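Coordinates as given in work38.cif (mmCIF, C-alpha atoms and all ligand atoms):
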data_entry
#
loop_
_atom_site.group_PDB
_atom_site.id
_atom_site.type_symbol
_atom_site.label_atom_id
_atom_site.label_comp_id
_atom_site.auth_asym_id
_atom_site.auth_seq_id
_atom_site.Cartn_x
_atom_site.Cartn_y
_atom_site.Cartn_z
ATOM 1 C CA MET O 1 0.000 0.000 0.000
ATOM 2 C CA ARG O 2 1.179 3.509 -0.810
ATOM 3 C CA ILE O 3 0.084 7.058 -0.066
ATOM 4 C CA GLY O 4 -0.011 9.494 -2.986
ATOM 5 C CA VAL O 5 -0.409 13.231 -2.412
ATOM 6 C CA ASP O 6 -1.170 15.800 -5.102
ATOM 7 C CA LEU O 7 -0.407 19.207 -3.644
ATOM 8 C CA GLY O 8 -2.121 21.941 -5.633
ATOM 9 C CA GLY O 9 -2.518 25.674 -5.194
ATOM 10 C CA THR O 10 -6.225 25.139 -4.388
ATOM 11 C CA ASN O 11 -6.552 21.610 -2.972
ATOM 12 C CA ILE O 12 -4.474 18.944 -1.264
ATOM 13 C CA ALA O 13 -5.637 15.568 -2.589
ATOM 14 C CA ALA O 14 -4.367 12.388 -0.949
ATOM 15 C CA ALA O 15 -5.126 8.754 -1.667
ATOM 16 C CA VAL O 16 -4.308 5.235 -0.610
ATOM 17 C CA VAL O 17 -3.039 3.540 -3.773
ATOM 18 C CA ASN O 18 -2.306 -0.172 -4.082
ATOM 19 C CA ASN O 19 0.791 -1.613 -5.756
ATOM 20 C CA SER O 20 -1.108 -1.925 -9.064
ATOM 21 C CA GLY O 21 -1.779 1.808 -9.136
ATOM 22 C CA GLU O 22 -5.459 1.646 -8.188
ATOM 23 C CA ILE O 23 -6.917 4.303 -5.892
ATOM 24 C CA LEU O 24 -8.596 2.648 -2.888
ATOM 25 C CA LEU O 25 -9.607 5.783 -1.003
ATOM 26 C CA LYS O 26 -9.183 9.445 -1.878
ATOM 27 C CA ILE O 27 -9.784 12.576 0.177
ATOM 28 C CA SER O 28 -9.242 16.263 -0.480
ATOM 29 C CA ASN O 29 -8.878 19.385 1.661
ATOM 30 C CA PRO O 30 -8.363 23.048 0.753
ATOM 31 C CA THR O 31 -4.710 24.141 0.578
ATOM 32 C CA MET O 32 -5.347 27.693 1.834
ATOM 33 C CA ALA O 33 -1.900 28.631 0.536
ATOM 34 C CA LYS O 34 -2.373 32.302 1.385
ATOM 35 C CA GLU O 35 -2.287 31.455 5.086
ATOM 36 C CA GLY O 36 1.410 30.710 4.791
ATOM 37 C CA GLN O 37 3.971 27.963 4.548
ATOM 38 C CA GLU O 38 3.543 26.474 8.018
ATOM 39 C CA GLY O 39 -0.243 26.326 7.754
ATOM 40 C CA THR O 40 -0.054 24.482 4.422
ATOM 41 C CA VAL O 41 2.485 21.997 5.795
ATOM 42 C CA ASN O 42 0.176 21.340 8.770
ATOM 43 C CA ARG O 43 -2.786 20.811 6.445
ATOM 44 C CA ILE O 44 -0.763 18.282 4.396
ATOM 45 C CA ILE O 45 0.062 16.396 7.610
ATOM 46 C CA GLY O 46 -3.580 16.625 8.739
ATOM 47 C CA THR O 47 -4.829 15.330 5.373
ATOM 48 C CA ILE O 48 -2.483 12.306 5.457
ATOM 49 C CA LYS O 49 -3.513 11.546 9.075
ATOM 50 C CA GLU O 50 -7.187 11.769 8.123
ATOM 51 C CA LEU O 51 -6.592 9.442 5.151
ATOM 52 C CA ILE O 52 -4.782 6.829 7.268
ATOM 53 C CA GLU O 53 -7.503 6.925 9.938
ATOM 54 C CA LYS O 54 -10.312 6.630 7.387
ATOM 55 C CA TYR O 55 -8.671 3.814 5.423
ATOM 56 C CA ASP O 56 -7.055 1.578 8.027
ATOM 57 C CA SER O 57 -4.824 2.892 10.787
ATOM 58 C CA ARG O 58 -3.105 -0.515 11.086
ATOM 59 C CA ALA O 59 -2.204 -0.849 7.380
ATOM 60 C CA GLU O 60 1.480 -0.934 6.385
ATOM 61 C CA TYR O 61 2.577 1.772 3.955
ATOM 62 C CA LYS O 62 5.573 1.354 1.670
ATOM 63 C CA GLY O 63 5.962 5.098 1.279
ATOM 64 C CA ILE O 64 4.486 8.552 0.812
ATOM 65 C CA GLY O 65 4.878 10.212 -2.589
ATOM 66 C CA ILE O 66 4.067 13.870 -3.099
ATOM 67 C CA GLY O 67 3.799 15.936 -6.282
ATOM 68 C CA VAL O 68 4.504 19.632 -5.767
ATOM 69 C CA PRO O 69 3.750 22.596 -8.075
ATOM 70 C CA GLY O 70 7.257 23.999 -8.106
ATOM 71 C CA VAL O 71 10.989 23.481 -8.520
ATOM 72 C CA CYS O 72 12.306 20.688 -6.306
ATOM 73 C CA ASP O 73 15.686 19.478 -5.085
ATOM 74 C CA ILE O 74 14.567 15.897 -5.511
ATOM 75 C CA PRO O 75 17.378 13.876 -3.864
ATOM 76 C CA ASN O 76 17.163 16.048 -0.741
ATOM 77 C CA GLY O 77 13.384 16.340 -0.844
ATOM 78 C CA ILE O 78 13.337 20.120 -0.653
ATOM 79 C CA VAL O 79 10.798 22.333 -2.442
ATOM 80 C CA LYS O 80 13.051 25.163 -3.584
ATOM 81 C CA PHE O 81 10.409 27.446 -5.018
ATOM 82 C CA ALA O 82 6.640 27.058 -5.452
ATOM 83 C CA PRO O 83 5.052 30.400 -6.414
ATOM 84 C CA ASN O 84 1.403 29.240 -6.098
ATOM 85 C CA LEU O 85 2.071 28.045 -2.554
ATOM 86 C CA PHE O 86 4.312 30.968 -1.572
ATOM 87 C CA TRP O 87 6.921 28.345 -0.609
ATOM 88 C CA LYS O 88 10.678 28.771 -0.534
ATOM 89 C CA ASN O 89 13.094 26.037 0.577
ATOM 90 C CA VAL O 90 10.659 23.765 2.409
ATOM 91 C CA PRO O 91 12.251 20.403 3.428
ATOM 92 C CA ILE O 92 8.946 18.574 2.961
ATOM 93 C CA LYS O 93 10.497 15.094 2.697
ATOM 94 C CA GLU O 94 12.228 15.395 6.074
ATOM 95 C CA ILE O 95 9.125 16.916 7.707
ATOM 96 C CA LEU O 96 6.816 14.102 6.532
ATOM 97 C CA GLN O 97 9.308 11.319 7.295
ATOM 98 C CA LYS O 98 9.702 12.621 10.851
ATOM 99 C CA GLU O 99 5.953 12.917 11.324
ATOM 100 C CA PHE O 100 4.919 9.525 9.910
ATOM 101 C CA ASN O 101 8.109 7.454 10.003
ATOM 102 C CA ILE O 102 7.375 6.355 6.408
ATOM 103 C CA PRO O 103 9.902 6.810 3.530
ATOM 104 C CA THR O 104 8.878 9.892 1.533
ATOM 105 C CA TYR O 105 9.538 10.883 -2.104
ATOM 106 C CA ILE O 106 8.873 14.183 -3.842
ATOM 107 C CA ASP O 107 8.820 15.447 -7.413
ATOM 108 C CA ASN O 108 7.345 18.216 -9.506
ATOM 109 C CA ASP O 109 3.579 17.785 -10.110
ATOM 110 C CA ALA O 110 3.851 17.675 -13.930
ATOM 111 C CA ASN O 111 6.486 14.931 -13.659
ATOM 112 C CA ALA O 112 4.262 13.036 -11.224
ATOM 113 C CA ALA O 113 1.283 13.320 -13.608
ATOM 114 C CA ALA O 114 3.442 11.995 -16.466
ATOM 115 C CA LEU O 115 4.542 9.049 -14.336
ATOM 116 C CA GLY O 116 0.898 8.375 -13.427
ATOM 117 C CA GLU O 117 -0.132 8.202 -17.092
ATOM 118 C CA ALA O 118 2.889 5.957 -17.727
ATOM 119 C CA TRP O 119 1.943 3.612 -14.871
ATOM 120 C CA THR O 120 -1.778 2.997 -15.346
ATOM 121 C CA GLY O 121 -3.020 5.519 -17.939
ATOM 122 C CA ALA O 122 -2.511 6.256 -21.624
ATOM 123 C CA GLY O 123 1.182 5.328 -21.459
ATOM 124 C CA LYS O 124 0.867 1.860 -19.963
ATOM 125 C CA ASP O 125 3.437 -0.510 -21.550
ATOM 126 C CA LYS O 126 5.336 2.387 -23.172
ATOM 127 C CA ARG O 127 8.851 3.450 -22.107
ATOM 128 C CA HIS O 128 9.431 6.768 -23.898
ATOM 129 C CA ILE O 129 6.597 9.203 -23.254
ATOM 130 C CA VAL O 130 6.130 12.959 -23.400
ATOM 131 C CA CYS O 131 3.202 14.205 -21.312
ATOM 132 C CA ILE O 132 1.811 17.675 -21.745
ATOM 133 C CA THR O 133 -1.017 19.277 -19.764
ATOM 134 C CA LEU O 134 -2.751 22.282 -21.297
ATOM 135 C CA GLY O 135 -4.641 24.134 -18.590
ATOM 136 C CA THR O 136 -4.132 27.516 -16.955
ATOM 137 C CA GLY O 137 -0.477 26.908 -17.831
ATOM 138 C CA VAL O 138 1.412 24.290 -19.812
ATOM 139 C CA GLY O 139 2.886 21.521 -17.668
ATOM 140 C CA SER O 140 4.995 18.736 -19.059
ATOM 141 C CA GLY O 141 6.963 15.718 -17.993
ATOM 142 C CA LEU O 142 9.350 13.408 -19.823
ATOM 143 C CA ILE O 143 9.401 9.670 -19.205
ATOM 144 C CA LEU O 144 12.499 8.193 -20.817
ATOM 145 C CA ASN O 145 13.468 4.536 -20.407
ATOM 146 C CA GLY O 146 10.453 4.163 -18.128
ATOM 147 C CA ASP O 147 11.490 6.794 -15.602
ATOM 148 C CA ILE O 148 11.185 10.553 -15.125
ATOM 149 C CA PHE O 149 13.988 12.424 -16.894
ATOM 150 C CA HIS O 150 15.191 15.311 -14.704
ATOM 151 C CA GLY O 151 18.232 16.514 -16.652
ATOM 152 C CA ALA O 152 20.576 18.520 -14.451
ATOM 153 C CA GLN O 153 17.614 19.673 -12.391
ATOM 154 C CA THR O 154 14.193 20.261 -13.885
ATOM 155 C CA ALA O 155 14.022 19.054 -17.501
ATOM 156 C CA GLY O 156 10.859 19.070 -19.592
ATOM 157 C CA GLU O 157 9.720 22.694 -19.421
ATOM 158 C CA LEU O 158 7.860 22.497 -22.724
ATOM 159 C CA GLY O 159 5.623 25.411 -21.733
ATOM 160 C CA HIS O 160 8.614 27.724 -22.057
ATOM 161 C CA VAL O 161 9.848 26.563 -25.437
ATOM 162 C CA THR O 162 9.786 29.551 -27.822
ATOM 163 C CA VAL O 163 7.284 29.098 -30.656
ATOM 164 C CA LEU O 164 6.877 32.749 -31.731
ATOM 165 C CA GLU O 165 10.006 34.837 -31.367
ATOM 166 C CA ASP O 166 8.315 38.199 -30.748
ATOM 167 C CA GLY O 167 5.129 36.762 -29.275
ATOM 168 C CA PRO O 168 3.324 37.694 -26.053
ATOM 169 C CA LYS O 169 5.281 38.252 -22.852
ATOM 170 C CA CYS O 170 5.462 35.185 -20.587
ATOM 171 C CA ASN O 171 5.574 35.049 -16.764
ATOM 172 C CA CYS O 172 9.088 33.597 -17.090
ATOM 173 C CA GLY O 173 10.354 36.848 -18.657
ATOM 174 C CA ASN O 174 10.713 35.494 -22.199
ATOM 175 C CA THR O 175 8.375 36.241 -25.122
ATOM 176 C CA GLY O 176 6.420 33.826 -27.312
ATOM 177 C CA CYS O 177 6.631 30.798 -25.018
ATOM 178 C CA LEU O 178 4.210 27.972 -25.888
ATOM 179 C CA GLU O 179 2.368 28.709 -22.622
ATOM 180 C CA THR O 180 1.397 32.213 -23.809
ATOM 181 C CA LEU O 181 -0.206 30.796 -26.973
ATOM 182 C CA ALA O 182 -1.602 27.339 -26.155
ATOM 183 C CA ALA O 183 -2.742 27.495 -22.503
ATOM 184 C CA ALA O 184 -6.317 28.535 -21.673
ATOM 185 C CA PRO O 185 -5.609 32.184 -20.685
ATOM 186 C CA GLY O 186 -3.607 32.758 -23.883
ATOM 187 C CA ILE O 187 -6.407 31.351 -26.049
ATOM 188 C CA ALA O 188 -8.965 33.535 -24.234
ATOM 189 C CA ARG O 189 -6.744 36.587 -24.765
ATOM 190 C CA ILE O 190 -6.438 35.932 -28.513
ATOM 191 C CA ALA O 191 -10.242 35.524 -28.719
ATOM 192 C CA LYS O 192 -10.736 38.804 -26.859
ATOM 193 C CA ASP O 193 -8.425 40.583 -29.320
ATOM 194 C CA ALA O 194 -10.444 39.183 -32.238
ATOM 195 C CA VAL O 195 -13.686 40.523 -30.730
ATOM 196 C CA LEU O 196 -12.107 43.921 -29.982
ATOM 197 C CA GLU O 197 -10.958 44.127 -33.604
ATOM 198 C CA GLY O 198 -14.659 43.989 -34.513
ATOM 199 C CA LYS O 199 -14.466 40.686 -36.374
ATOM 200 C CA GLU O 200 -17.737 39.030 -37.310
ATOM 201 C CA THR O 201 -17.900 35.978 -35.066
ATOM 202 C CA ILE O 202 -20.236 34.163 -32.676
ATOM 203 C CA LEU O 203 -17.544 34.718 -30.019
ATOM 204 C CA ASN O 204 -19.304 38.095 -29.565
ATOM 205 C CA ASN O 205 -22.213 36.205 -27.956
ATOM 206 C CA TYR O 206 -20.052 35.417 -24.911
ATOM 207 C CA VAL O 207 -19.137 39.044 -24.245
ATOM 208 C CA GLN O 208 -21.385 41.348 -22.236
ATOM 209 C CA GLY O 209 -20.362 44.968 -22.712
ATOM 210 C CA GLU O 210 -16.858 45.251 -21.287
ATOM 211 C CA ASP O 211 -17.102 41.878 -19.554
ATOM 212 C CA PHE O 212 -15.033 39.185 -21.300
ATOM 213 C CA THR O 213 -15.074 36.627 -18.455
ATOM 214 C CA GLY O 214 -17.626 34.478 -20.333
ATOM 215 C CA LEU O 215 -15.228 34.101 -23.266
ATOM 216 C CA THR O 216 -12.793 31.323 -22.358
ATOM 217 C CA ALA O 217 -10.845 28.707 -24.311
ATOM 218 C CA LYS O 218 -13.876 26.396 -24.107
ATOM 219 C CA GLU O 219 -16.112 28.888 -25.973
ATOM 220 C CA VAL O 220 -13.433 29.217 -28.659
ATOM 221 C CA PHE O 221 -13.363 25.438 -29.240
ATOM 222 C CA ASP O 222 -17.180 25.184 -29.074
ATOM 223 C CA SER O 223 -17.529 27.988 -31.636
ATOM 224 C CA ALA O 224 -14.941 26.327 -33.880
ATOM 225 C CA LYS O 225 -17.007 23.124 -33.791
ATOM 226 C CA GLU O 226 -20.033 25.154 -34.882
ATOM 227 C CA GLY O 227 -18.078 26.296 -37.924
ATOM 228 C CA ASP O 228 -17.203 29.837 -36.829
ATOM 229 C CA LEU O 229 -14.350 31.004 -39.075
ATOM 230 C CA VAL O 230 -12.659 33.292 -36.533
ATOM 231 C CA ALA O 231 -12.727 30.600 -33.834
ATOM 232 C CA ASN O 232 -11.398 28.055 -36.311
ATOM 233 C CA LYS O 233 -8.492 30.343 -37.175
ATOM 234 C CA ILE O 234 -7.639 30.649 -33.449
ATOM 235 C CA VAL O 235 -7.754 26.855 -33.014
ATOM 236 C CA GLU O 236 -5.595 26.421 -36.119
ATOM 237 C CA ASP O 237 -3.014 28.797 -34.619
ATOM 238 C CA VAL O 238 -3.051 26.950 -31.272
ATOM 239 C CA ALA O 239 -2.559 23.675 -33.158
ATOM 240 C CA ARG O 240 0.299 25.182 -35.156
ATOM 241 C CA TYR O 241 2.221 26.472 -32.118
ATOM 242 C CA LEU O 242 1.665 23.259 -30.193
ATOM 243 C CA GLY O 243 2.534 21.221 -33.287
ATOM 244 C CA LEU O 244 5.824 23.102 -33.756
ATOM 245 C CA ALA O 245 6.823 22.413 -30.161
ATOM 246 C CA LEU O 246 5.836 18.741 -30.343
ATOM 247 C CA ALA O 247 7.576 18.183 -33.700
ATOM 248 C CA ASN O 248 10.782 19.590 -32.185
ATOM 249 C CA VAL O 249 10.420 17.288 -29.181
ATOM 250 C CA ILE O 250 9.773 14.301 -31.463
ATOM 251 C CA ASN O 251 12.882 15.058 -33.529
ATOM 252 C CA LEU O 252 14.920 15.463 -30.349
ATOM 253 C CA LEU O 253 13.712 12.532 -28.232
ATOM 254 C CA ASN O 254 11.994 10.037 -30.571
ATOM 255 C CA PRO O 255 9.177 9.266 -28.081
ATOM 256 C CA GLU O 256 6.708 6.416 -28.677
ATOM 257 C CA LEU O 257 3.828 8.355 -27.214
ATOM 258 C CA ILE O 258 2.709 11.923 -26.612
ATOM 259 C CA VAL O 259 -0.060 12.222 -24.036
ATOM 260 C CA ILE O 260 -2.063 15.442 -23.990
ATOM 261 C CA GLY O 261 -4.256 16.314 -21.012
ATOM 262 C CA GLY O 262 -5.794 19.290 -19.228
ATOM 263 C CA GLY O 263 -8.811 21.505 -19.888
ATOM 264 C CA VAL O 264 -7.694 22.641 -23.354
ATOM 265 C CA ALA O 265 -7.197 19.019 -24.466
ATOM 266 C CA ALA O 266 -10.896 18.423 -23.706
ATOM 267 C CA ALA O 267 -11.502 20.131 -27.079
ATOM 268 C CA GLY O 268 -10.789 16.656 -28.502
ATOM 269 C CA GLU O 269 -10.689 16.166 -32.268
ATOM 270 C CA THR O 270 -11.233 19.901 -32.877
ATOM 271 C CA LEU O 271 -7.672 20.343 -31.634
ATOM 272 C CA PHE O 272 -6.153 16.917 -32.312
ATOM 273 C CA VAL O 273 -6.912 16.769 -36.060
ATOM 274 C CA PRO O 274 -5.138 20.043 -37.031
ATOM 275 C CA LEU O 275 -2.417 19.335 -34.445
ATOM 276 C CA LYS O 276 -1.529 15.943 -35.910
ATOM 277 C CA LYS O 277 -1.416 17.507 -39.378
ATOM 278 C CA VAL O 278 1.180 20.085 -38.261
ATOM 279 C CA VAL O 279 3.254 17.456 -36.462
ATOM 280 C CA GLU O 280 3.205 15.212 -39.536
ATOM 281 C CA GLU O 281 4.395 18.113 -41.714
ATOM 282 C CA ARG O 282 7.171 19.149 -39.327
ATOM 283 C CA ALA O 283 8.623 16.011 -37.728
ATOM 284 C CA LEU O 284 11.023 13.688 -39.537
ATOM 285 C CA LYS O 285 9.002 10.952 -41.214
ATOM 286 C CA ASP O 286 10.649 7.979 -39.479
ATOM 287 C CA LEU O 287 10.243 9.573 -36.070
ATOM 288 C CA TYR O 288 6.665 10.624 -36.811
ATOM 289 C CA ASN O 289 5.858 7.012 -37.687
ATOM 290 C CA ASP O 290 7.117 5.888 -34.271
ATOM 291 C CA VAL O 291 4.870 8.171 -32.250
ATOM 292 C CA GLU O 292 1.212 8.160 -31.301
ATOM 293 C CA ILE O 293 -0.500 11.323 -30.054
ATOM 294 C CA VAL O 294 -3.319 10.508 -27.637
ATOM 295 C CA ALA O 295 -5.510 12.088 -24.952
ATOM 296 C CA ALA O 296 -4.652 11.580 -21.292
ATOM 297 C CA GLN O 297 -6.751 8.950 -19.504
ATOM 298 C CA LEU O 298 -6.451 9.603 -15.789
ATOM 299 C CA GLY O 299 -7.710 13.194 -15.606
ATOM 300 C CA ASN O 300 -7.164 14.760 -12.182
ATOM 301 C CA ASP O 301 -6.070 11.417 -10.707
ATOM 302 C CA ALA O 302 -2.839 11.341 -12.768
ATOM 303 C CA GLY O 303 -1.016 13.462 -10.174
ATOM 304 C CA ILE O 304 -2.036 11.307 -7.206
ATOM 305 C CA ILE O 305 -1.323 7.982 -8.943
ATOM 306 C CA GLY O 306 1.991 9.337 -10.222
ATOM 307 C CA ALA O 307 2.919 10.572 -6.742
ATOM 308 C CA ALA O 308 2.336 7.029 -5.478
ATOM 309 C CA ALA O 309 4.525 5.766 -8.346
ATOM 310 C CA LEU O 310 7.453 7.888 -7.089
ATOM 311 C CA ILE O 311 7.829 5.432 -4.205
ATOM 312 C CA LYS O 312 10.714 3.065 -4.949
HETATM 313 ZN ZN ZN K 1 7.921 31.321 -20.539
#
Represent the structure contained in this file as structure tokens.
Ligand SMILES: [Zn+2]
Amino acid sequence: MRIGVDLGGTNIAAAVVNNSGEILLKISNPTMAKEGQEGTVNRIIGTIKELIEKYDSRAEYKGIGIGVPGVCDIPNGIVKFAPNLFWKNVPIKEILQKEFNIPTYIDNDANAAALGEAWTGAGKDKRHIVCITLGTGVGSGLILNGDIFHGAQTAGELGHVTVLEDGPKCNCGNTGCLETLAAAPGIARIAKDAVLEGKETILNNYVQGEDFTGLTAKEVFDSAKEGDLVANKIVEDVARYLGLALANVINLLNPELIVIGGGVAAAGETLFVPLKKVVEERALKDLYNDVEIVAAQLGNDAGIIGAAALIK
């Protein structure tokens, strides 16, 4: 039996996971990150205690795995920097091991999600996998030879690959990162610009006066499905930027599988069809023939299952 923890900016989800990667019991509590580092650490401890009590307080646990939204010093189990949690240099591995006397493993949340998909999701039985999550940001993890590839520290930052040299400014300081053009806020921003330019489009129906909050990435994909030309052009652009990034990754790493998850990926074939076309045009033929591009299977559970998979 293992304990997997998915630490998010909004919720702490924890589950008892068996050695086949099945969730036996899952609970979730609010992170309340704004209340500070110590409070969040205490809520993680409280959530794990609650889970153990609810499942079986006498069960033996092989380990605790935790996926964290930030940059980690993995061997030492320290969260170096997690902006959404307001964390700096938190020795979470040591804290949890002391509290529970159970071996503890940490990794970045995108890496954990990739490992989850590799263990029981879309990547089962595959050894070279690139996972990309398109949500409020772009998260990605590389599974090479069946394990997370960390590089010197934190490899696999596909969200910050440049796809448009003089594109929009990114939170990282660069311009034209994939994240600014293929994550949900970027897509909503491009749609807003199209409406402000006075283009004839059903996207206008989601805007009330100066209020653009009803116009999100989902409305863009829905409108594209309905045949709206402006929305289709936006989706085509998203597919092109994402396709460029993925073709480069395919030429570099020769993966067998690319798994795409997150809210934007819920657009399904509306996104996947033009995306695959761009990848086919851009990637080397032999390498393109080796790779399958598929939707993620585990949804929000990927992080928790992957966290449990961190346990050696
Ligand atoms: Zn960036």
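Considering all atoms listed in the file, every residue of the polymer chains approaching ligand ZN 1 (chain K) to 9 Å or closer is listed here: Glu157, Gly159, His160, Val161, Thr162, Lys169, Cys170, Asn171, Cys172, Gly173, Asn174, Thr175, Gly176, Cys177, Leu178, Glu179 and Thr180 of chain O.
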Serialized selection, C-alpha atoms, as a JSON list (two decimals), in the coordinates of the input:
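result_22.json written:
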[["chain", "number", "residue", "atom", "x", "y", "z"],
["O", 157, "GLU", "CA", 9.72, 22.69, -19.42],
["O", 159, "GLY", "CA", 5.62, 25.41, -21.73],
["O", 160, "HIS", "CA", 8.61, 27.72, -22.06],
["O", 161, "VAL", "CA", 9.85, 26.56, -25.44],
["O", 162, "THR", "CA", 9.79, 29.55, -27.82],
["O", 169, "LYS", "CA", 5.28, 38.25, -22.85],
["O", 170, "CYS", "CA", 5.46, 35.18, -20.59],
["O", 171, "ASN", "CA", 5.57, 35.05, -16.76],
["O", 172, "CYS", "CA", 9.09, 33.60, -17.09],
["O", 173, "GLY", "CA", 10.35, 36.85, -18.66],
["O", 174, "ASN", "CA", 10.71, 35.49, -22.20],
["O", 175, "THR", "CA", 8.38, 36.24, -25.12],
["O", 176, "GLY", "CA", 6.42, 33.83, -27.31],
["O", 177, "CYS", "CA", 6.63, 30.80, -25.02],
["O", 178, "LEU", "CA", 4.21, 27.97, -25.89],
["O", 179, "GLU", "CA", 2.37, 28.71, -22.62],
["O", 180, "THR", "CA", 1.40, 32.21, -23.81]]
- Message: Just to confirm, what's the straight-line distance from atom CA of Ile3 of chain O to atom CA of Gly263 of chain O in Å (one decimal)?
- Response: 26.1 Å
- Task: Give me the residues within 6 Å of Ala113 of chain O as a ChimeraX atom specification, counting all atoms listed in the file and dropping any in the same chain fewer than 2 places off.
- Result: /O:110-111,115-116,302-303,306
- Translate the PyMOL selection byres (((chain O and resi 67-83) around 9) and not hetatm), as applied to the file shown, into an explicit residue set as a PyMOL selection string. chain O and resi 4-9+65-66+84-94+104-113+153-154+303-304+306-307+310
- Can you pull out every residue within 12 Å of Leu229 of chain O, counting all atoms listed in the file, but drop anything in the same chain fewer than 3 positions away, and send it as a ChimeraX atom specification? /O:194,199-203,220-226,232-236
Enclose all atoms of segment 87-104 of chain O listed in the file in an axis-aligned box, grow every side by 6 Å, and hand back centre and edge lengths in Å to one decimal, as AutoDock Vina command-line options.
--center_x 9.0 --center_y 17.6 --center_z 5.4 --size_x 20.2 --size_y 34.4 --size_z 23.9
- Message: Given only C-alpha atoms as the basis, pick out the residue of O:Lys62, O:Lys34, O:Lys126, O:Lys49 nearest to Ala309 of chain O.
- Response: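 Answer, going by the shortest atom-to-atom distance: O:Lys62.
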- Message: Taking the file as I've supplied it (selection: the PyMOL selection byres (((chain O and resi 53-58) around 12) and not hetatm)), which residues are included? Please answer as a ChimeraX atom specification.
- Response: /O:1-3,14-17,23-27,46-52,59-61,100
Limited to C-alpha atoms, could you put the picked residues into a file as a CSV table (one decimal), keeping the file's coordinate frame?
chain,number,residue,atom,x,y,z
O,1,MET,CA,0.0,0.0,0.0
O,2,ARG,CA,1.2,3.5,-0.8
O,3,ILE,CA,0.1,7.1,-0.1
O,14,ALA,CA,-4.4,12.4,-0.9
O,15,ALA,CA,-5.1,8.8,-1.7
O,16,VAL,CA,-4.3,5.2,-0.6
O,17,VAL,CA,-3.0,3.5,-3.8
O,23,ILE,CA,-6.9,4.3,-5.9
O,24,LEU,CA,-8.6,2.6,-2.9
O,25,LEU,CA,-9.6,5.8,-1.0
O,26,LYS,CA,-9.2,9.4,-1.9
O,27,ILE,CA,-9.8,12.6,0.2
O,46,GLY,CA,-3.6,16.6,8.7
O,47,THR,CA,-4.8,15.3,5.4
O,48,ILE,CA,-2.5,12.3,5.5
O,49,LYS,CA,-3.5,11.5,9.1
O,50,GLU,CA,-7.2,11.8,8.1
O,51,LEU,CA,-6.6,9.4,5.2
O,52,ILE,CA,-4.8,6.8,7.3
O,59,ALA,CA,-2.2,-0.8,7.4
O,60,GLU,CA,1.5,-0.9,6.4
O,61,TYR,CA,2.6,1.8,4.0
O,100,PHE,CA,4.9,9.5,9.9
When you get a chance, write out N, CA, C and O atoms for segment 81-90 of chain O, as a CSV table (one decimal), in the coordinates of the input.
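The resulting file, part15.csv, is shown below:
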chain,number,residue,atom,x,y,z
O,81,PHE,N,11.2,26.3,-4.7
O,81,PHE,CA,10.4,27.4,-5.0
O,81,PHE,C,9.1,27.0,-5.6
O,81,PHE,O,9.0,26.2,-6.5
O,82,ALA,N,8.0,27.4,-5.0
O,82,ALA,CA,6.6,27.1,-5.5
O,82,ALA,C,5.8,28.3,-5.4
O,82,ALA,O,5.2,28.6,-4.3
O,83,PRO,N,5.7,29.1,-6.5
O,83,PRO,CA,5.1,30.4,-6.4
O,83,PRO,C,3.6,30.3,-6.0
O,83,PRO,O,3.1,31.2,-5.2
O,84,ASN,N,2.8,29.3,-6.5
O,84,ASN,CA,1.4,29.2,-6.1
O,84,ASN,C,1.2,28.9,-4.6
O,84,ASN,O,0.1,29.1,-4.1
O,85,LEU,N,2.2,28.4,-4.0
O,85,LEU,CA,2.1,28.0,-2.6
O,85,LEU,C,2.8,29.1,-1.7
O,85,LEU,O,2.7,29.0,-0.5
O,86,PHE,N,3.5,30.0,-2.3
O,86,PHE,CA,4.3,31.0,-1.6
O,86,PHE,C,5.4,30.2,-0.7
O,86,PHE,O,5.7,30.6,0.4
O,87,TRP,N,5.9,29.2,-1.3
O,87,TRP,CA,6.9,28.3,-0.6
O,87,TRP,C,8.3,28.7,-1.1
O,87,TRP,O,8.5,28.8,-2.3
O,88,LYS,N,9.3,28.7,-0.2
O,88,LYS,CA,10.7,28.8,-0.5
O,88,LYS,C,11.4,27.9,0.4
O,88,LYS,O,11.3,28.0,1.6
O,89,ASN,N,12.2,26.9,-0.2
O,89,ASN,CA,13.1,26.0,0.6
O,89,ASN,C,12.4,25.3,1.7
O,89,ASN,O,12.7,25.5,2.9
O,90,VAL,N,11.4,24.5,1.4
O,90,VAL,CA,10.7,23.8,2.4
O,90,VAL,C,11.1,22.3,2.3
O,90,VAL,O,11.0,21.6,1.3
